[in-house]
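For reference, the structure is listed below as structure tokens.
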Amino acid sequence: MKCHYLVIIFLLNLISYAQKNEEKPFSVDLSMFYGTILEHNPDISHLITDHPTGVIISYNRKTYGFNEWERRYNYPDWGFSLSYQDMKNEFLGENIGLYGHFNFYFLKRNLVFRVGQGITYATKPYHRNNNFKNNAYGSHILSSTYLKFDYIKENLYKGLGVSAGFTVIHYSNANIKAPNNSTNTFAFSAGINYLFNRDDFPEYIPEGKRTKYSEPLKYNLVFRSGINESDINGSGQFPFYVFTGFVDKRINHKSTLLAGTELFVSFFLKEYIKHQSIAFPENGIEKDTDFKRIGVFIGHELRFNKVAFITHLGYYLYWPVEFENRVYNRLGLKRYFTESLFGVVNVHSHGAKAEAVEFGIGIRL
């Protein structure tokens, strides 16, 4: 009899454990698009000759509130996208991209906003002999971001659904190699989607009452690095180093505010100063001008569990050479490995003009 009780207890524990396991519903979608390359820079006007076309295929892991952060953001999806785009220009060629993305839903889940970030392979980058007219892409490997706004209906018939809207796709190598005028595509899109295991989709777990949350001031140290090149074709790729210190204050589950200062040691700028002093002496740049810069910045982090989207706005207090302008910005992603250790990947820009892709590691004390 005792054995039967043990079996019953074991089965009850097994059922309870199974109920606590996270289910993993998912969908796939295919979207075709047709659009135009926006002339954000007159230097690329000769590359806009026709209407680009392409396709995006995506895998979407559906959430239903198993984790608390999912409820705070209205049960978003996360997933991966594969894109193909024919730029419809003999000098630009074709681009093939791989992205990670998030889908955010609005208006009773009838509107979806997707943001994707990844890398793209460009089939015809700049070459000084074979493809010198492509002044948009300086390398085969590009950084890419895409935004997608769709009206969507899922599971209309046996798991099948439809969507339609518009898409914006940005390609740039963030000055890893010149030239880097980049392109932006605006396109209209339409597609189909399929929800797997539609009959077993779990019920959404309600958010419940929101609780107040905050953290005391935290002190952060970050080291960033990478390689880049000035806008002068063939000037060479050089390493850079960024040393950052800042204070942050997490004010709720979603938002963290921060402010700090940083030192930029960019060796491409040293080469740029040397070039300018020889080629354009009328600009008054001396060859021994300091190439280091010091900035101050404010910023925000939008937290999604252990991942955060970062935005910084800064100003160079110490700016010995007039390169671009004194105001800079930073956009990127941060991943918290522990409460005090994190990694970060971001783009350091001056307005829409990227200077570098920065890879960093930091501590939060």
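Here's how to read the names in the structure tokens: chain A, B, ... by the order shown, residue numbers from 1 in each chain, ligand numbers from 1 in the order shown.
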
- Task: List every residue of range 97-325 of chain A that DSSP, applied to the backbone, labels as helix (DSSP H, G or I), and write the result as a list in words.
- Result: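 Residues meeting the helix (DSSP H, G or I) criterion: Arg198, Asp199, Asp200, Phe267, Phe268, Leu269, Lys270, Glu271, Tyr272, Ile273, Lys274, His275, Gln276, Ser277, Ile278, Ala279, Pro281, Glu282 and Asn283 of chain A.
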
Go ahead and dump the residues you just picked, N, CA and C atoms, as a PDB file, in the first residue's frame.
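The resulting file, selection_31.pdb, is shown below:
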ATOM      1  N   ARG A 198      -1.726  24.944 -33.453  1.00  0.00           N
ATOM      2  CA  ARG A 198      -2.697  26.000 -33.151  1.00  0.00           C
ATOM      3  C   ARG A 198      -3.730  25.561 -32.128  1.00  0.00           C
ATOM      4  N   ASP A 199      -4.089  24.264 -32.141  1.00  0.00           N
ATOM      5  CA  ASP A 199      -5.123  23.780 -31.218  1.00  0.00           C
ATOM      6  C   ASP A 199      -4.612  23.641 -29.789  1.00  0.00           C
ATOM      7  N   ASP A 200      -3.292  23.605 -29.622  1.00  0.00           N
ATOM      8  CA  ASP A 200      -2.696  23.441 -28.295  1.00  0.00           C
ATOM      9  C   ASP A 200      -2.018  24.712 -27.806  1.00  0.00           C
ATOM     10  N   PHE A 267      42.703  55.228 -33.818  1.00  0.00           N
ATOM     11  CA  PHE A 267      43.911  55.377 -34.615  1.00  0.00           C
ATOM     12  C   PHE A 267      43.624  55.723 -36.072  1.00  0.00           C
ATOM     13  N   PHE A 268      42.381  55.460 -36.556  1.00  0.00           N
ATOM     14  CA  PHE A 268      42.043  55.926 -37.900  1.00  0.00           C
ATOM     15  C   PHE A 268      42.091  57.452 -37.951  1.00  0.00           C
ATOM     16  N   LEU A 269      41.762  58.106 -36.831  1.00  0.00           N
ATOM     17  CA  LEU A 269      41.753  59.566 -36.766  1.00  0.00           C
ATOM     18  C   LEU A 269      43.185  60.108 -36.802  1.00  0.00           C
ATOM     19  N   LYS A 270      44.109  59.352 -36.246  1.00  0.00           N
ATOM     20  CA  LYS A 270      45.519  59.739 -36.324  1.00  0.00           C
ATOM     21  C   LYS A 270      45.990  59.751 -37.773  1.00  0.00           C
ATOM     22  N   GLU A 271      45.568  58.722 -38.537  1.00  0.00           N
ATOM     23  CA  GLU A 271      45.929  58.660 -39.954  1.00  0.00           C
ATOM     24  C   GLU A 271      45.210  59.752 -40.746  1.00  0.00           C
ATOM     25  N   TYR A 272      43.972  60.047 -40.369  1.00  0.00           N
ATOM     26  CA  TYR A 272      43.198  61.107 -41.026  1.00  0.00           C
ATOM     27  C   TYR A 272      43.879  62.462 -40.825  1.00  0.00           C
ATOM     28  N   ILE A 273      44.347  62.745 -39.614  1.00  0.00           N
ATOM     29  CA  ILE A 273      45.040  64.001 -39.313  1.00  0.00           C
ATOM     30  C   ILE A 273      46.310  64.129 -40.162  1.00  0.00           C
ATOM     31  N   LYS A 274      47.047  63.030 -40.265  1.00  0.00           N
ATOM     32  CA  LYS A 274      48.276  63.033 -41.072  1.00  0.00           C
ATOM     33  C   LYS A 274      47.954  63.331 -42.532  1.00  0.00           C
ATOM     34  N   HIS A 275      46.911  62.683 -43.062  1.00  0.00           N
ATOM     35  CA  HIS A 275      46.517  62.886 -44.452  1.00  0.00           C
ATOM     36  C   HIS A 275      46.088  64.330 -44.697  1.00  0.00           C
ATOM     37  N   GLN A 276      45.259  64.880 -43.801  1.00  0.00           N
ATOM     38  CA  GLN A 276      44.757  66.238 -43.971  1.00  0.00           C
ATOM     39  C   GLN A 276      45.885  67.266 -43.908  1.00  0.00           C
ATOM     40  N   SER A 277      46.860  67.048 -43.022  1.00  0.00           N
ATOM     41  CA  SER A 277      47.958  68.007 -42.878  1.00  0.00           C
ATOM     42  C   SER A 277      48.824  68.078 -44.126  1.00  0.00           C
ATOM     43  N   ILE A 278      48.902  66.957 -44.888  1.00  0.00           N
ATOM     44  CA  ILE A 278      49.723  66.915 -46.100  1.00  0.00           C
ATOM     45  C   ILE A 278      48.906  67.319 -47.335  1.00  0.00           C
ATOM     46  N   ALA A 279      47.695  66.727 -47.469  1.00  0.00           N
ATOM     47  CA  ALA A 279      46.896  66.928 -48.680  1.00  0.00           C
ATOM     48  C   ALA A 279      46.147  68.260 -48.687  1.00  0.00           C
ATOM     49  N   PRO A 281      46.709  71.424 -46.540  1.00  0.00           N
ATOM     50  CA  PRO A 281      47.310  72.294 -45.512  1.00  0.00           C
ATOM     51  C   PRO A 281      46.484  73.547 -45.255  1.00  0.00           C
ATOM     52  N   GLU A 282      45.652  73.933 -46.233  1.00  0.00           N
ATOM     53  CA  GLU A 282      44.829  75.134 -46.055  1.00  0.00           C
ATOM     54  C   GLU A 282      43.776  74.957 -44.963  1.00  0.00           C
ATOM     55  N   ASN A 283      43.501  73.701 -44.561  1.00  0.00           N
ATOM     56  CA  ASN A 283      42.521  73.461 -43.502  1.00  0.00           C
ATOM     57  C   ASN A 283      43.082  73.727 -42.107  1.00  0.00           C
TER      58      ASN A 283
END

- Query: When DSSP works through the backbone of this structure, what residues of range 212-268 of chain A end up as strand (DSSP E), shown as a ChimeraX atom specification?
  - Reply: /A:218-228,238-250,255-266

- Would you mind listing what lies within 6 Å of Thr185 in chain A as a VMD selection string, with only C-alpha atoms counted and same-chain residues fewer than 5 positions away left out? chain A and resid 36 to 38 168 to 169

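Considering only C-alpha atoms, the residue among A:Glu203, A:Glu286, A:Asp150, A:Asp248 positioned nearest to Lys62 in chain A is A:Glu203.
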
- Query: How far is it from CA of Tyr213 in chain A to CA of Phe106 in chain A, in Å with one decimal?
  - Reply: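 Pair CA of Tyr213 in chain A / CA of Phe106 in chain A returns 24.7 Å.
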
- Message: So that I can check the surroundings of Ser255 in chain A, please list as an MDAnalysis selection string every protein, DNA and RNA residue that reaches within 9 Å of it, counting only C-alpha atoms and ignoring chain neighbours fewer than 6 positions away.
- Response: chainID A and resid 249 300:303
